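Report on the structure given below.
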Amino acid sequence: MHEVTVTQDILEKALDAAKVNNAKAITKIRIKVGDFTGFDPGCISFYFELMAKDTIAEGAVLEFEKIPLSLNCSACDLTFTPEDFPLSFACPACGNTRNRLVSGKELSVEDMEIDV
Ligand SMILES: [Zn+2]
């Protein structure tokens, strides 16, 4: 997915939620973004500003919460965050490489502030 698609999705979700709450304006949107998505918050903010023009979300501040990449080892059940570069997905305790992604791929609208 590209930042444009993701931004469109964030804007649509925010506008839908605003409609339900009879909001006059959206002032702030909190977004969770996983480190492993590769999405650049600066880039999303940039597209958002363009797309939100002439909607009630125009001028809204986007606040990003970065979620670190976290893996769970299928052999010893250790949950760890790969930190070396290049990233090693092997378990630091037992070396197993068949691990489950616990977090780091999320992108969701968490919360928002509106004027009613
Ligand atoms: Zn392990």
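If you're wondering about the labels, chains in the structure tokens are A, B, ... by order shown, residues count from 1 in each chain, ligands from 1 in order shown.
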Problem set entry | Ala25 of chain A environment, 9 Å, only C-alpha atoms, sequence neighbours closer than 5 positions dropped, as an MDAnalysis selection string | chainID A and resid 18 55:58 60 113:116
For this session: Please identify which residues in segment 22-114 of chain A DSSP calls strand (DSSP E) from the backbone, and express them as a PyMOL selection string.
Result: chain A and resi 25-34+61-67+70-73+79-80+99-103+107-114
Please, which residues in chain A fall within 10 Å of ligand 1 when counting only C-alpha atoms and all ligand atoms, and what is the closest atom pair and distance in Å to one decimal for each, ordered by chain then residue number, as a Markdown table?
```
| residue | atom | partner | partner_atom_place_in_ligand_line | distance |
| --- | --- | --- | --- | --- |
| A:Asn72 | CA | ligand 1 | 1 (Zn) | 7.9 |
| A:Cys73 | CA | ligand 1 | 1 (Zn) | 4.6 |
| A:Ser74 | CA | ligand 1 | 1 (Zn) | 6.7 |
| A:Ala75 | CA | ligand 1 | 1 (Zn) | 5.1 |
| A:Cys76 | CA | ligand 1 | 1 (Zn) | 4.1 |
| A:Asp77 | CA | ligand 1 | 1 (Zn) | 6.0 |
| A:Leu78 | CA | ligand 1 | 1 (Zn) | 5.5 |
| A:Thr79 | CA | ligand 1 | 1 (Zn) | 8.3 |
| A:Phe80 | CA | ligand 1 | 1 (Zn) | 9.2 |
| A:Ala90 | CA | ligand 1 | 1 (Zn) | 7.9 |
| A:Cys91 | CA | ligand 1 | 1 (Zn) | 4.6 |
| A:Pro92 | CA | ligand 1 | 1 (Zn) | 6.7 |
| A:Ala93 | CA | ligand 1 | 1 (Zn) | 5.0 |
| A:Cys94 | CA | ligand 1 | 1 (Zn) | 4.2 |
| A:Gly95 | CA | ligand 1 | 1 (Zn) | 6.0 |
| A:Asn96 | CA | ligand 1 | 1 (Zn) | 5.4 |
| A:Thr97 | CA | ligand 1 | 1 (Zn) | 8.2 |
| A:Arg98 | CA | ligand 1 | 1 (Zn) | 9.1 |
| A:Asn99 | CA | ligand 1 | 1 (Zn) | 8.3 |
```
Problem set entry | Selected residue, from A:Gly42, A:His2, A:Met51, A:Glu63, that lies nearest to Val109 of chain A when counting only C-alpha atoms | A:Glu63
Problem set entry | Close residues, Thr81 of chain A itself excluded, 9 Å, only C-alpha atoms, min 2 positions apart in chain, as a PyMOL selection string | chain A and resi 68-72+79+83+89
Problem set entry | Two-atom distance - atom CA of Leu107 of chain A, atom CA of Lys24 of chain A (Å) | 25.4 Å
DSSP says helix (DSSP H, G or I) for which residues of segment 16-99 of chain A? Put them as a PDB file with C-alpha atoms, in the first residue's frame?
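Generated output (result-v6.pdb):
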```pdb
ATOM      1  CA  ASP A  16     -17.287   9.106   8.822  1.00  0.00           C
ATOM      2  CA  ALA A  17     -16.711   9.296  12.564  1.00  0.00           C
ATOM      3  CA  ALA A  18     -17.167  13.073  12.498  1.00  0.00           C
ATOM      4  CA  LYS A  19     -20.504  12.689  10.693  1.00  0.00           C
ATOM      5  CA  VAL A  20     -21.759  10.218  13.293  1.00  0.00           C
ATOM      6  CA  ASP A  35       7.503   0.567  12.512  1.00  0.00           C
ATOM      7  CA  PHE A  36       7.310  -2.344  10.110  1.00  0.00           C
ATOM      8  CA  THR A  37       4.790  -0.690   7.778  1.00  0.00           C
ATOM      9  CA  PRO A  41       4.295   9.986   9.086  1.00  0.00           C
ATOM     10  CA  GLY A  42       5.647  13.163   7.496  1.00  0.00           C
ATOM     11  CA  CYS A  43       4.524  11.914   4.121  1.00  0.00           C
ATOM     12  CA  ILE A  44       1.053  10.985   5.410  1.00  0.00           C
ATOM     13  CA  SER A  45       0.687  14.431   7.006  1.00  0.00           C
ATOM     14  CA  PHE A  46       1.641  16.045   3.719  1.00  0.00           C
ATOM     15  CA  TYR A  47      -0.961  14.120   1.695  1.00  0.00           C
ATOM     16  CA  PHE A  48      -3.546  14.625   4.404  1.00  0.00           C
ATOM     17  CA  GLU A  49      -3.180  18.378   4.193  1.00  0.00           C
ATOM     18  CA  LEU A  50      -3.837  18.259   0.452  1.00  0.00           C
ATOM     19  CA  MET A  51      -6.757  15.795   0.647  1.00  0.00           C
TER      20      MET A  51
END
```
Problem set entry | d(atom CA of Thr27 of chain A, atom CA of Ala52 of chain A) in Å | 11.6 Å
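Distance check against Thr5 of chain A using only C-alpha atoms: of A:Asn22, A:Pro86, A:Ile29, A:Phe39, the minimum falls on A:Phe39.
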